[in-house]
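Undergrad: Enclosed is the structure file structure10.cif (mmCIF, C-alpha atoms).
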data_structure
#
loop_
_atom_site.label_atom_id
_atom_site.label_comp_id
_atom_site.auth_asym_id
_atom_site.auth_seq_id
_atom_site.Cartn_x
_atom_site.Cartn_y
_atom_site.Cartn_z
CA MET A 18 131.82 83.98 112.70
CA SER A 19 133.67 87.15 111.71
CA TYR A 20 136.95 87.98 113.41
CA THR A 21 136.68 91.70 114.15
CA GLY A 22 138.68 94.05 111.97
CA GLY A 23 140.50 91.17 110.31
CA TYR A 24 143.33 91.24 112.85
CA GLN A 25 142.46 87.90 114.43
CA SER A 26 142.18 86.35 110.99
CA GLN A 27 145.56 87.79 110.02
CA VAL A 28 147.22 86.45 113.16
CA PHE A 29 145.77 82.98 112.62
CA ALA A 30 146.80 83.03 108.96
CA ASP A 31 150.31 84.03 109.99
CA GLY A 32 150.46 81.30 112.60
CA GLY A 33 150.83 83.78 115.45
CA SER A 34 152.51 87.07 116.22
CA PRO A 35 155.94 88.05 117.54
CA PHE A 36 154.20 90.27 120.09
CA PRO A 37 152.19 89.31 123.20
CA PHE A 38 148.43 89.82 123.25
CA THR A 39 147.96 90.31 126.98
CA VAL A 40 148.87 93.37 128.98
CA GLN A 41 151.05 91.32 131.30
CA GLY A 42 152.77 89.74 128.34
CA LEU A 43 153.74 93.17 127.01
CA VAL A 44 154.95 94.23 130.44
CA ASP A 45 157.07 91.11 130.85
CA ALA A 46 158.53 91.41 127.35
CA ALA A 47 159.42 95.08 127.88
CA ARG A 48 161.01 94.25 131.23
CA ASP A 49 163.17 91.59 129.58
CA ILE A 50 164.33 93.96 126.83
CA LEU A 51 164.93 97.26 128.60
CA PRO A 52 167.63 98.24 131.07
CA ARG A 53 166.13 98.12 134.55
CA PRO A 54 166.24 101.91 135.17
CA HIS A 55 164.50 102.55 131.83
CA PHE A 56 161.77 100.00 132.51
CA ASP A 57 161.21 101.30 136.03
CA TYR A 58 160.88 104.87 134.79
CA ILE A 59 158.16 103.82 132.33
CA ALA A 60 156.31 101.37 134.58
CA GLY A 61 156.69 103.09 137.92
CA GLY A 62 154.30 105.23 139.88
CA ALA A 63 154.30 107.33 142.99
CA GLY A 64 155.03 105.89 146.42
CA ARG A 65 153.77 102.33 146.91
CA GLU A 66 152.00 102.62 143.55
CA ARG A 67 148.56 102.23 145.09
CA THR A 68 147.10 104.71 142.61
CA VAL A 69 148.51 102.75 139.67
CA VAL A 70 146.85 99.60 140.98
CA ALA A 71 143.61 101.42 141.80
CA ASN A 72 143.37 102.80 138.27
CA GLU A 73 143.45 99.32 136.75
CA ASP A 74 141.32 97.64 139.41
CA ALA A 75 138.53 100.21 138.99
CA PHE A 76 137.54 98.72 135.63
CA ALA A 77 136.86 95.35 137.28
CA ARG A 78 134.06 96.95 139.30
CA TRP A 79 131.95 97.25 136.15
CA GLY A 80 130.40 94.39 134.20
CA LEU A 81 129.33 94.73 130.57
CA ASN A 82 125.78 93.80 129.65
CA TYR A 83 126.03 91.22 126.87
CA ARG A 84 123.17 91.28 124.36
CA ILE A 85 122.01 88.58 121.96
CA LEU A 86 120.09 88.27 118.68
CA ARG A 87 121.57 91.48 117.34
CA ASP A 88 122.93 92.53 113.95
CA GLY A 89 126.71 92.49 114.40
CA THR A 90 127.54 93.65 110.88
CA GLY A 91 128.70 97.12 109.98
CA CYS A 92 129.96 98.12 113.42
CA ASP A 93 131.83 101.43 113.10
CA PRO A 94 134.11 102.36 116.01
CA SER A 95 135.08 105.80 114.66
CA CYS A 96 134.34 109.13 116.29
CA THR A 97 135.23 112.82 116.06
CA VAL A 98 136.46 114.92 119.00
CA LEU A 99 136.98 118.69 118.70
CA GLY A 100 136.94 118.41 114.92
CA THR A 101 139.55 115.63 114.84
CA PRO A 102 138.33 112.38 113.25
CA MET A 103 139.54 109.14 114.82
CA SER A 104 139.18 105.62 113.48
CA VAL A 105 138.64 104.42 117.05
CA PRO A 106 138.22 106.50 120.25
CA VAL A 107 141.74 105.70 121.45
CA MET A 108 144.54 108.26 121.54
CA LEU A 109 148.21 107.92 122.36
CA ALA A 110 148.60 109.70 125.67
CA PRO A 111 151.39 112.24 126.14
CA ALA A 112 154.09 109.97 127.57
CA GLY A 113 157.52 111.54 127.73
CA VAL A 114 161.08 110.30 127.30
CA ALA A 115 160.09 107.62 124.79
CA ASP A 116 163.69 107.06 123.74
CA LEU A 117 164.05 105.06 126.94
CA ALA A 118 161.85 102.47 125.21
CA HIS A 119 163.23 102.64 121.65
CA PRO A 120 165.65 104.83 119.67
CA GLU A 121 162.90 105.87 117.23
CA ALA A 122 160.88 107.12 120.19
CA GLU A 123 157.93 109.39 119.37
CA ARG A 124 158.60 109.23 115.63
CA ALA A 125 157.82 105.50 115.54
CA ALA A 126 154.69 106.11 117.61
CA ALA A 127 153.63 108.92 115.26
CA ARG A 128 153.87 106.64 112.23
CA ALA A 129 151.93 103.86 113.95
CA ALA A 130 149.21 106.28 115.05
CA ALA A 131 148.94 107.76 111.57
CA ASP A 132 148.59 104.33 109.98
CA ALA A 133 145.90 103.41 112.51
CA GLY A 134 144.01 106.69 112.11
CA VAL A 135 144.29 107.64 115.76
CA VAL A 136 145.56 110.80 117.44
CA GLN A 137 149.01 111.12 118.92
CA VAL A 138 149.04 113.56 121.83
CA LEU A 139 152.69 114.52 121.93
CA SER A 140 154.28 115.11 125.30
CA SER A 141 156.23 118.28 125.92
CA ALA A 142 158.98 116.05 127.32
CA THR A 143 159.88 114.44 124.02
CA SER A 144 163.08 112.81 122.98
CA THR A 145 162.88 114.60 119.61
CA SER A 146 161.47 117.98 118.64
CA LEU A 147 157.79 118.40 117.90
CA GLU A 148 158.71 119.38 114.34
CA GLU A 149 160.62 116.13 113.78
CA VAL A 150 157.72 114.09 115.11
CA ALA A 151 155.29 115.89 112.79
CA ALA A 152 157.61 115.34 109.83
CA ALA A 153 157.81 111.62 110.61
CA ALA A 154 154.06 111.26 109.93
CA PRO A 155 152.91 114.19 107.76
CA ARG A 156 149.36 112.85 107.45
CA GLY A 157 149.07 112.07 111.13
CA ARG A 158 146.47 113.47 113.50
CA ARG A 159 148.30 115.18 116.32
CA TRP A 160 147.64 117.24 119.41
CA PHE A 161 150.32 118.82 121.59
CA GLN A 162 150.52 118.59 125.37
CA PHE A 163 151.51 122.00 126.64
CA ALA A 164 153.43 121.97 129.91
CA TRP A 165 153.32 125.71 130.67
CA PRO A 166 156.95 126.70 131.33
CA ASP A 167 157.95 129.33 133.85
CA ASP A 168 159.03 131.78 131.15
CA GLU A 169 156.41 133.52 129.03
CA LYS A 170 158.57 133.85 125.91
CA LEU A 171 159.36 130.15 126.00
CA ALA A 172 155.69 129.32 126.58
CA ARG A 173 154.60 131.38 123.59
CA SER A 174 157.35 129.89 121.46
CA LEU A 175 156.19 126.32 122.18
CA VAL A 176 152.59 127.20 121.31
CA GLU A 177 153.61 128.94 118.08
CA ARG A 178 155.83 126.03 117.05
CA ALA A 179 153.02 123.54 117.65
CA GLU A 180 150.63 125.57 115.51
CA ASN A 181 153.17 125.92 112.72
CA ALA A 182 153.88 122.17 112.77
CA GLY A 183 150.22 121.27 112.28
CA TYR A 184 149.11 120.23 115.76
CA THR A 185 145.36 120.82 115.97
CA ALA A 186 144.73 121.10 119.72
CA LEU A 187 146.63 121.99 122.89
CA VAL A 188 146.35 119.76 125.95
CA LEU A 189 147.29 121.84 128.97
CA GLN A 190 149.06 119.68 131.54
CA GLY A 191 147.39 120.46 134.82
CA ASP A 192 148.49 117.49 136.93
CA CYS A 193 152.27 117.84 137.18
CA HIS A 194 152.98 121.16 138.92
CA VAL A 195 154.84 119.33 141.69
CA ALA A 196 157.03 116.27 141.11
CA GLY A 197 155.64 113.00 142.45
CA TRP A 198 157.54 110.87 144.99
CA ARG A 199 158.64 108.12 142.58
CA THR A 200 160.34 105.41 144.56
CA ARG A 201 161.48 103.25 141.65
CA GLU A 202 163.39 106.18 140.20
CA LEU A 203 164.83 106.97 143.60
CA ASP A 204 165.93 103.34 144.04
CA SER A 205 167.78 103.39 140.72
CA GLY A 206 169.10 106.93 141.13
CA PHE A 207 168.15 107.51 137.48
CA PHE A 208 166.53 110.81 136.47
CA PRO A 209 166.51 110.76 132.66
CA PHE A 210 166.32 114.51 132.14
CA ARG A 211 169.58 114.97 134.00
CA HIS A 212 171.21 113.00 131.19
CA GLY A 213 169.56 114.95 128.38
CA HIS A 214 166.65 112.58 127.75
CA GLY A 215 163.20 114.08 127.23
CA ILE A 216 164.21 117.66 126.44
CA GLY A 217 164.14 117.43 122.65
CA ASN A 218 161.36 120.00 122.34
CA TYR A 219 163.38 122.47 124.31
CA VAL A 220 166.89 122.19 122.92
CA PHE A 221 165.57 123.05 119.47
CA ASP A 222 163.83 126.17 120.81
CA PRO A 223 165.79 129.42 120.39
CA ARG A 224 164.37 130.94 123.56
CA PHE A 225 165.32 127.91 125.62
CA ARG A 226 168.84 127.86 124.20
CA GLU A 227 169.18 131.53 125.06
CA LEU A 228 168.07 130.87 128.65
CA ALA A 229 170.39 127.88 128.95
CA GLY A 230 173.33 129.76 127.45
CA ILE A 231 174.05 127.01 124.96
CA GLY A 232 174.32 129.04 121.78
CA ALA A 233 172.52 129.05 118.47
CA ARG A 234 169.73 126.68 117.50
CA PRO A 235 171.05 123.41 116.04
CA VAL A 236 170.18 122.20 112.58
CA PRO A 237 167.07 119.94 112.63
CA GLY A 238 168.19 116.35 112.34
CA GLY A 239 171.64 117.17 113.68
CA ALA A 240 173.04 116.78 117.14
CA ALA A 241 170.71 118.55 119.56
CA LEU A 242 173.34 119.01 122.23
CA GLU A 243 177.05 118.71 122.56
CA PRO A 244 178.03 116.62 125.61
CA ALA A 245 179.39 119.69 127.37
CA GLU A 246 176.00 121.43 126.94
CA VAL A 247 173.91 118.72 128.63
CA PRO A 248 174.33 119.89 132.26
CA ALA A 249 173.27 123.47 131.49
CA ALA A 250 170.34 122.36 129.33
CA ALA A 251 169.13 119.84 131.92
CA ALA A 252 169.38 122.35 134.75
CA THR A 253 167.50 124.99 132.76
CA TRP A 254 164.77 122.51 131.84
CA ASN A 255 164.42 121.44 135.47
CA ARG A 256 164.07 125.06 136.54
CA LEU A 257 161.57 126.12 133.89
CA TYR A 258 159.58 123.02 132.92
CA THR A 259 156.35 124.07 134.61
CA ARG A 260 154.99 127.27 136.07
CA PRO A 261 154.53 126.63 139.79
CA ALA A 262 151.15 128.36 139.91
CA LEU A 263 148.35 128.10 137.36
CA ARG A 264 144.73 129.11 137.84
CA PRO A 265 141.60 128.61 135.71
CA GLY A 266 141.79 132.31 134.84
CA ASP A 267 145.12 131.70 133.09
CA LEU A 268 143.22 129.97 130.30
CA ALA A 269 142.27 133.41 129.00
CA LEU A 270 145.93 134.28 128.51
CA LEU A 271 146.65 130.99 126.75
CA ARG A 272 143.65 131.47 124.48
CA SER A 273 144.94 134.93 123.56
CA TRP A 274 148.05 133.24 122.12
CA THR A 275 146.31 130.67 119.94
CA GLU A 276 143.15 129.77 118.06
CA LEU A 277 143.64 126.06 118.73
CA PRO A 278 141.18 124.28 121.04
CA VAL A 279 142.49 124.08 124.61
CA VAL A 280 141.91 120.86 126.55
CA VAL A 281 142.85 120.68 130.24
CA LYS A 282 144.31 117.37 131.47
CA GLY A 283 144.32 116.11 135.04
CA VAL A 284 140.76 116.90 136.12
CA CYS A 285 139.36 114.65 138.86
CA ARG A 286 136.95 116.88 140.81
CA PRO A 287 133.49 117.99 139.61
CA ASP A 288 133.89 121.45 141.14
CA GLU A 289 137.16 122.03 139.28
CA ALA A 290 135.58 120.73 136.07
CA ALA A 291 132.77 123.29 136.39
CA LEU A 292 135.28 126.10 136.97
CA LEU A 293 137.26 125.12 133.89
CA VAL A 294 134.15 125.04 131.73
CA ASP A 295 133.31 128.56 132.88
CA ALA A 296 136.92 129.63 132.26
CA GLY A 297 136.64 128.67 128.60
CA ALA A 298 138.21 125.21 128.28
CA ASP A 299 137.23 123.39 125.09
CA GLY A 300 137.62 119.93 126.61
CA LEU A 301 138.76 118.12 129.75
CA VAL A 302 140.77 114.97 130.41
CA VAL A 303 139.95 113.03 133.56
CA SER A 304 143.36 111.75 134.66
CA ASN A 305 145.58 111.29 137.69
CA HIS A 306 148.72 111.12 135.53
CA GLY A 307 148.58 107.35 135.49
CA GLY A 308 149.32 107.20 139.20
CA ARG A 309 152.76 108.75 138.71
CA GLN A 310 152.12 111.84 140.82
CA LEU A 311 150.09 111.10 143.96
CA ASP A 312 150.06 107.81 145.84
CA SER A 313 146.84 106.58 147.52
CA GLY A 314 144.84 108.62 145.00
CA THR A 315 141.29 107.90 143.92
CA ALA A 316 141.07 105.78 140.79
CA ALA A 317 140.60 108.03 137.79
CA LEU A 318 137.65 105.94 136.54
CA ASP A 319 135.82 106.58 139.81
CA CYS A 320 136.17 110.33 139.14
CA LEU A 321 134.80 110.17 135.60
CA PRO A 322 131.02 110.09 136.26
CA GLY A 323 131.13 113.11 138.56
CA VAL A 324 133.11 115.18 136.07
CA VAL A 325 130.78 114.16 133.23
CA GLU A 326 127.77 115.20 135.33
CA ALA A 327 129.36 118.56 136.20
CA VAL A 328 130.17 119.29 132.56
CA ALA A 329 126.61 118.39 131.50
CA GLY A 330 127.45 117.97 127.83
CA ARG A 331 128.91 121.45 127.39
CA LEU A 332 132.24 120.08 126.15
CA PRO A 333 133.88 116.69 125.53
CA VAL A 334 135.37 114.79 128.44
CA LEU A 335 138.24 112.45 127.65
CA PHE A 336 139.71 109.82 129.92
CA ASP A 337 143.24 108.70 130.81
CA SER A 338 144.81 106.46 133.47
CA GLY A 339 144.50 102.69 133.69
CA VAL A 340 143.11 101.83 130.23
CA ARG A 341 144.65 98.53 129.17
CA THR A 342 142.09 96.68 127.00
CA GLY A 343 139.35 97.25 124.46
CA THR A 344 136.71 96.51 127.08
CA ASP A 345 138.31 99.14 129.33
CA VAL A 346 137.77 101.59 126.47
CA LEU A 347 134.11 100.60 126.25
CA ILE A 348 133.57 100.97 130.01
CA ALA A 349 135.07 104.48 130.03
CA LEU A 350 132.91 105.54 127.08
CA ALA A 351 129.79 104.07 128.68
CA LEU A 352 130.54 106.23 131.74
CA GLY A 353 130.61 109.35 129.58
CA ALA A 354 134.06 109.72 128.04
CA SER A 355 134.26 110.81 124.41
CA ALA A 356 137.58 109.01 123.89
CA VAL A 357 140.40 107.55 125.97
CA MET A 358 144.17 107.88 126.07
CA ILE A 359 146.66 105.06 126.58
CA GLY A 360 150.15 105.70 127.94
CA ARG A 361 152.16 102.76 129.25
CA PRO A 362 150.70 100.24 126.73
CA TRP A 363 152.07 102.07 123.71
CA LEU A 364 155.44 102.50 125.43
CA TYR A 365 155.57 98.75 126.11
CA GLY A 366 154.68 98.11 122.48
CA LEU A 367 157.40 100.52 121.40
CA ALA A 368 159.92 98.71 123.58
CA VAL A 369 159.14 95.25 122.19
CA GLY A 370 158.76 96.18 118.52
CA GLY A 371 159.23 99.84 117.67
CA GLN A 372 156.60 101.13 115.25
CA ASP A 373 155.28 97.61 114.65
CA GLY A 374 154.89 97.08 118.39
CA VAL A 375 152.83 100.27 118.80
CA ALA A 376 150.74 99.28 115.77
CA HIS A 377 150.12 95.89 117.39
CA VAL A 378 148.86 97.50 120.60
CA LEU A 379 146.51 99.76 118.65
CA ARG A 380 145.18 96.93 116.48
CA CYS A 381 144.50 94.81 119.54
CA LEU A 382 142.57 97.62 121.21
CA GLU A 383 140.62 98.41 118.04
CA SER A 384 139.68 94.77 117.45
CA GLU A 385 138.63 94.07 121.03
CA PHE A 386 136.73 97.33 121.34
CA THR A 387 134.87 96.87 118.05
CA GLY A 388 133.90 93.33 118.97
CA ALA A 389 132.73 94.44 122.41
CA LEU A 390 130.60 97.15 120.80
CA ALA A 391 128.80 94.58 118.69
CA LEU A 392 128.42 92.12 121.56
CA THR A 393 126.83 94.80 123.76
CA GLY A 394 124.38 95.70 120.99
CA HIS A 395 125.91 98.83 119.49
CA ARG A 396 126.80 99.84 115.95
CA GLY A 397 129.10 102.66 117.11
CA PRO A 398 130.41 104.34 120.26
CA GLY A 399 127.87 107.18 120.21
CA THR A 400 125.08 105.09 121.75
CA LEU A 401 127.02 103.78 124.74
CA SER A 402 125.63 104.75 128.15
CA PRO A 403 125.72 103.65 131.81
CA ALA A 404 122.85 101.29 130.96
CA ASP A 405 125.46 99.05 129.32
CA LEU A 406 127.14 98.51 132.69
CA THR A 407 126.32 96.67 135.89
CA PRO A 408 128.27 97.29 139.11
CA VAL A 409 130.01 94.18 140.41
CA PRO A 410 131.64 93.52 143.80
CA ALA A 411 135.07 95.03 144.25
CA PRO A 412 137.87 92.59 143.42
CA THR A 413 140.59 91.61 145.84
CA PRO A 414 143.00 94.56 146.02
CA GLY A 415 146.07 94.20 143.84
CA ARG A 416 149.56 94.04 145.19
CA THR A 417 151.44 97.25 145.81
CA ARG A 418 155.14 97.79 145.96
#
Before anything else, please render the file you have as structure tokens.
TA:
Amino acid sequence: MSYTGGYQSQVFADGGSPFPFTVQGLVDAARDILPRPHFDYIAGGAGRERTVVANEDAFARWGLNYRILRDGTGCDPSCTVLGTPMSVPVMLAPAGVADLAHPEAERAAARAAADAGVVQVLSSATSTSLEEVAAAAPRGRRWFQFAWPDDEKLARSLVERAENAGYTALVLQGDCHVAGWRTRELDSGFFPFRHGHGIGNYVFDPRFRELAGIGARPVPGGAALEPAEVPAAAATWNRLYTRPALRPGDLALLRSWTELPVVVKGVCRPDEAALLVDAGADGLVVSNHGGRQLDSGTAALDCLPGVVEAVAGRLPVLFDSGVRTGTDVLIALALGASAVMIGRPWLYGLAVGGQDGVAHVLRCLESEFTGALALTGHRGPGTLSPADLTPVPAPTPGRTR
């Protein structure tokens, strides 16, 4: 018997690992380590968190078709999406305010992703500037999530900075134009941006500093803000973070600013997917923002087949929201996704072990996914299809808050 990817063999040789191997174990460990408001910001969702639960429960409605008497050697989990090679079809989702989990924040995640050969999709709401994150992992594969701000000069500045820093695709955030009703944050009274968290991309931008009236651009690596500047910077960010109205036709303007591929995130409806294809999107991400925006929403996985059908192979469809295990990855790919994004899992890994914790999460996903590929009769992800799945009865609904 071969332990996939060598990670199981390494763990057994080491006599174990300092990090949990189950999703719940990571959640519990992060909860024990982090201040309660920080944990609740990362883990929480909108309202009673029904959408968060639905996203995870949706995977249990699909069973994998196990196959026997197959050649399990030489299984290759790698893929390429929009010209970006990936060692495994798993990307770090754009999750903001990572310094709530660990002081090294997105820089630690960038190094772990680079070592694993996966893509980091950097949030606009970073704790450090996009340039600092790129410098932390010069050989990393990185995309930039573009939250279109309500100021054209600032918008163009962010795009230009991402290009200059070596990001190879833009992921347009389409699912956060109105703030979700996040009850955990309301219970704690903690809004991290008000305290200067999550605005690292902005306070190093000359246009933003001009709008906020906080003076010249600071030296990279130095103090981003003086304490007296935080209120003005936070208020300006809150006012400008996203344009309140975006339409598919606005993609033409964005494409006029850049030659990078443009991927639109937050697509759940087939009709909207078709409109975005016609408007010139280079890729789509099926996502409901991990359940952080709209309570009682449809599980993102349930939306995936319809979007894939509407796109009809004209561009890659990626998937985000609820992926927790390597078999979850396989299910999403069998339903038509080209790759998946993980958000909370890498933040939990960051909380419990910094860079090593994120690396652990990625190695677990890679090992489980690669083994599941072989056990379902595949040598790589490109041959997965709905034929690898069987619908199973819906599980008992999970608990909501």
Undergrad: Can you translate the PyMOL selection byres ((chain A and resi 55-66) around 10) into the concrete residues it hits in this file, as an NGL selection string?
TA: :A and (44 or 47-54 or 67-71 or 112-118 or 196-205 or 207-209 or 306-314 or 360-362 or 364-365 or 368 or 416-418)
Undergrad: How many Å separate CA of Pro106 (chain A) from CA of Ala129 (chain A)?
TA: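 Value for the CA of Pro106 (chain A)-CA of Ala129 (chain A) distance: 15.3 Å.
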Undergrad: How would you write, as JSON, numbers by chain, the residues chosen by the PyMOL selection byres ((chain A and resi 88) around 12) on this structure?
TA: {"A": [84, 85, 86, 87, 89, 90, 91, 92, 390, 391, 392, 393, 394, 395, 396]}
Undergrad: Would you mind reading off the distance between CA of Arg128 (chain A) and CA of Leu332 (chain A), one decimal, in Å?
TA: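 These atoms are spaced 29.0 Å apart.
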Undergrad: Measuring between all atoms listed in the file, which one of A:Phe210, A:Gly80, A:Leu347, A:Val324 shows the shortest distance to Pro287 (chain A)?
TA: A:Val324
Undergrad: Please export region 336-345 of chain A as a PDB file, in the first residue's frame, restricted to all heavy atoms.
TA:
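Final file, selection.pdb:
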ATOM      1  N   PHE A 336     -14.928  26.997  -8.317  1.00  0.00           N
ATOM      2  CA  PHE A 336     -15.925  26.831  -7.267  1.00  0.00           C
ATOM      3  C   PHE A 336     -15.361  27.253  -5.922  1.00  0.00           C
ATOM      4  O   PHE A 336     -14.193  26.991  -5.613  1.00  0.00           O
ATOM      5  CB  PHE A 336     -16.393  25.375  -7.178  1.00  0.00           C
ATOM      6  CG  PHE A 336     -17.413  25.166  -6.101  1.00  0.00           C
ATOM      7  CD1 PHE A 336     -18.738  25.503  -6.307  1.00  0.00           C
ATOM      8  CD2 PHE A 336     -17.044  24.658  -4.857  1.00  0.00           C
ATOM      9  CE1 PHE A 336     -19.681  25.357  -5.299  1.00  0.00           C
ATOM     10  CE2 PHE A 336     -17.974  24.506  -3.843  1.00  0.00           C
ATOM     11  CZ  PHE A 336     -19.304  24.852  -4.071  1.00  0.00           C
ATOM     12  N   ASP A 337     -16.210  27.893  -5.110  1.00  0.00           N
ATOM     13  CA  ASP A 337     -15.852  28.347  -3.774  1.00  0.00           C
ATOM     14  C   ASP A 337     -17.088  28.229  -2.892  1.00  0.00           C
ATOM     15  O   ASP A 337     -18.206  28.354  -3.386  1.00  0.00           O
ATOM     16  CB  ASP A 337     -15.390  29.810  -3.857  1.00  0.00           C
ATOM     17  CG  ASP A 337     -15.343  30.500  -2.509  1.00  0.00           C
ATOM     18  OD1 ASP A 337     -14.387  30.258  -1.769  1.00  0.00           O
ATOM     19  OD2 ASP A 337     -16.268  31.279  -2.206  1.00  0.00           O
ATOM     20  N   SER A 338     -16.885  27.988  -1.616  1.00  0.00           N
ATOM     21  CA  SER A 338     -17.942  27.982  -0.592  1.00  0.00           C
ATOM     22  C   SER A 338     -18.252  26.564  -0.135  1.00  0.00           C
ATOM     23  O   SER A 338     -18.932  25.804  -0.834  1.00  0.00           O
ATOM     24  CB  SER A 338     -19.241  28.663  -1.053  1.00  0.00           C
ATOM     25  OG  SER A 338     -19.019  30.035  -1.336  1.00  0.00           O
ATOM     26  N   GLY A 339     -17.726  26.215   1.028  1.00  0.00           N
ATOM     27  CA  GLY A 339     -18.054  24.954   1.671  1.00  0.00           C
ATOM     28  C   GLY A 339     -17.061  23.829   1.479  1.00  0.00           C
ATOM     29  O   GLY A 339     -17.236  22.754   2.049  1.00  0.00           O
ATOM     30  N   VAL A 340     -16.002  24.038   0.679  1.00  0.00           N
ATOM     31  CA  VAL A 340     -15.008  22.980   0.466  1.00  0.00           C
ATOM     32  C   VAL A 340     -14.183  22.805   1.733  1.00  0.00           C
ATOM     33  O   VAL A 340     -13.577  23.760   2.232  1.00  0.00           O
ATOM     34  CB  VAL A 340     -14.088  23.321  -0.721  1.00  0.00           C
ATOM     35  CG1 VAL A 340     -12.993  22.264  -0.862  1.00  0.00           C
ATOM     36  CG2 VAL A 340     -14.888  23.430  -2.016  1.00  0.00           C
ATOM     37  N   ARG A 341     -14.160  21.583   2.253  1.00  0.00           N
ATOM     38  CA  ARG A 341     -13.442  21.317   3.492  1.00  0.00           C
ATOM     39  C   ARG A 341     -12.476  20.131   3.388  1.00  0.00           C
ATOM     40  O   ARG A 341     -11.565  20.016   4.195  1.00  0.00           O
ATOM     41  CB  ARG A 341     -14.440  21.045   4.631  1.00  0.00           C
ATOM     42  CG  ARG A 341     -15.367  22.224   4.950  1.00  0.00           C
ATOM     43  CD  ARG A 341     -14.602  23.391   5.534  1.00  0.00           C
ATOM     44  NE  ARG A 341     -15.470  24.517   5.887  1.00  0.00           N
ATOM     45  CZ  ARG A 341     -15.698  25.556   5.101  1.00  0.00           C
ATOM     46  NH1 ARG A 341     -15.117  25.630   3.894  1.00  0.00           N
ATOM     47  NH2 ARG A 341     -16.481  26.552   5.497  1.00  0.00           N
ATOM     48  N   THR A 342     -12.693  19.222   2.448  1.00  0.00           N
ATOM     49  CA  THR A 342     -11.895  18.005   2.363  1.00  0.00           C
ATOM     50  C   THR A 342     -11.483  17.720   0.925  1.00  0.00           C
ATOM     51  O   THR A 342     -12.005  18.324  -0.024  1.00  0.00           O
ATOM     52  CB  THR A 342     -12.691  16.792   2.885  1.00  0.00           C
ATOM     53  OG1 THR A 342     -13.793  16.554   1.983  1.00  0.00           O
ATOM     54  CG2 THR A 342     -13.224  17.034   4.285  1.00  0.00           C
ATOM     55  N   GLY A 343     -10.563  16.754   0.788  1.00  0.00           N
ATOM     56  CA  GLY A 343     -10.141  16.365  -0.559  1.00  0.00           C
ATOM     57  C   GLY A 343     -11.257  15.733  -1.358  1.00  0.00           C
ATOM     58  O   GLY A 343     -11.320  15.888  -2.584  1.00  0.00           O
ATOM     59  N   THR A 344     -12.167  15.006  -0.704  1.00  0.00           N
ATOM     60  CA  THR A 344     -13.295  14.449  -1.434  1.00  0.00           C
ATOM     61  C   THR A 344     -14.287  15.528  -1.838  1.00  0.00           C
ATOM     62  O   THR A 344     -14.955  15.411  -2.874  1.00  0.00           O
ATOM     63  CB  THR A 344     -13.989  13.347  -0.616  1.00  0.00           C
ATOM     64  OG1 THR A 344     -14.286  13.852   0.693  1.00  0.00           O
ATOM     65  CG2 THR A 344     -13.097  12.121  -0.494  1.00  0.00           C
ATOM     66  N   ASP A 345     -14.398  16.604  -1.052  1.00  0.00           N
ATOM     67  CA  ASP A 345     -15.196  17.754  -1.492  1.00  0.00           C
ATOM     68  C   ASP A 345     -14.633  18.316  -2.793  1.00  0.00           C
ATOM     69  O   ASP A 345     -15.390  18.685  -3.705  1.00  0.00           O
ATOM     70  CB  ASP A 345     -15.195  18.856  -0.431  1.00  0.00           C
ATOM     71  CG  ASP A 345     -15.993  18.524   0.810  1.00  0.00           C
ATOM     72  OD1 ASP A 345     -16.742  17.526   0.802  1.00  0.00           O
ATOM     73  OD2 ASP A 345     -15.872  19.273   1.802  1.00  0.00           O
TER      74      ASP A 345
END
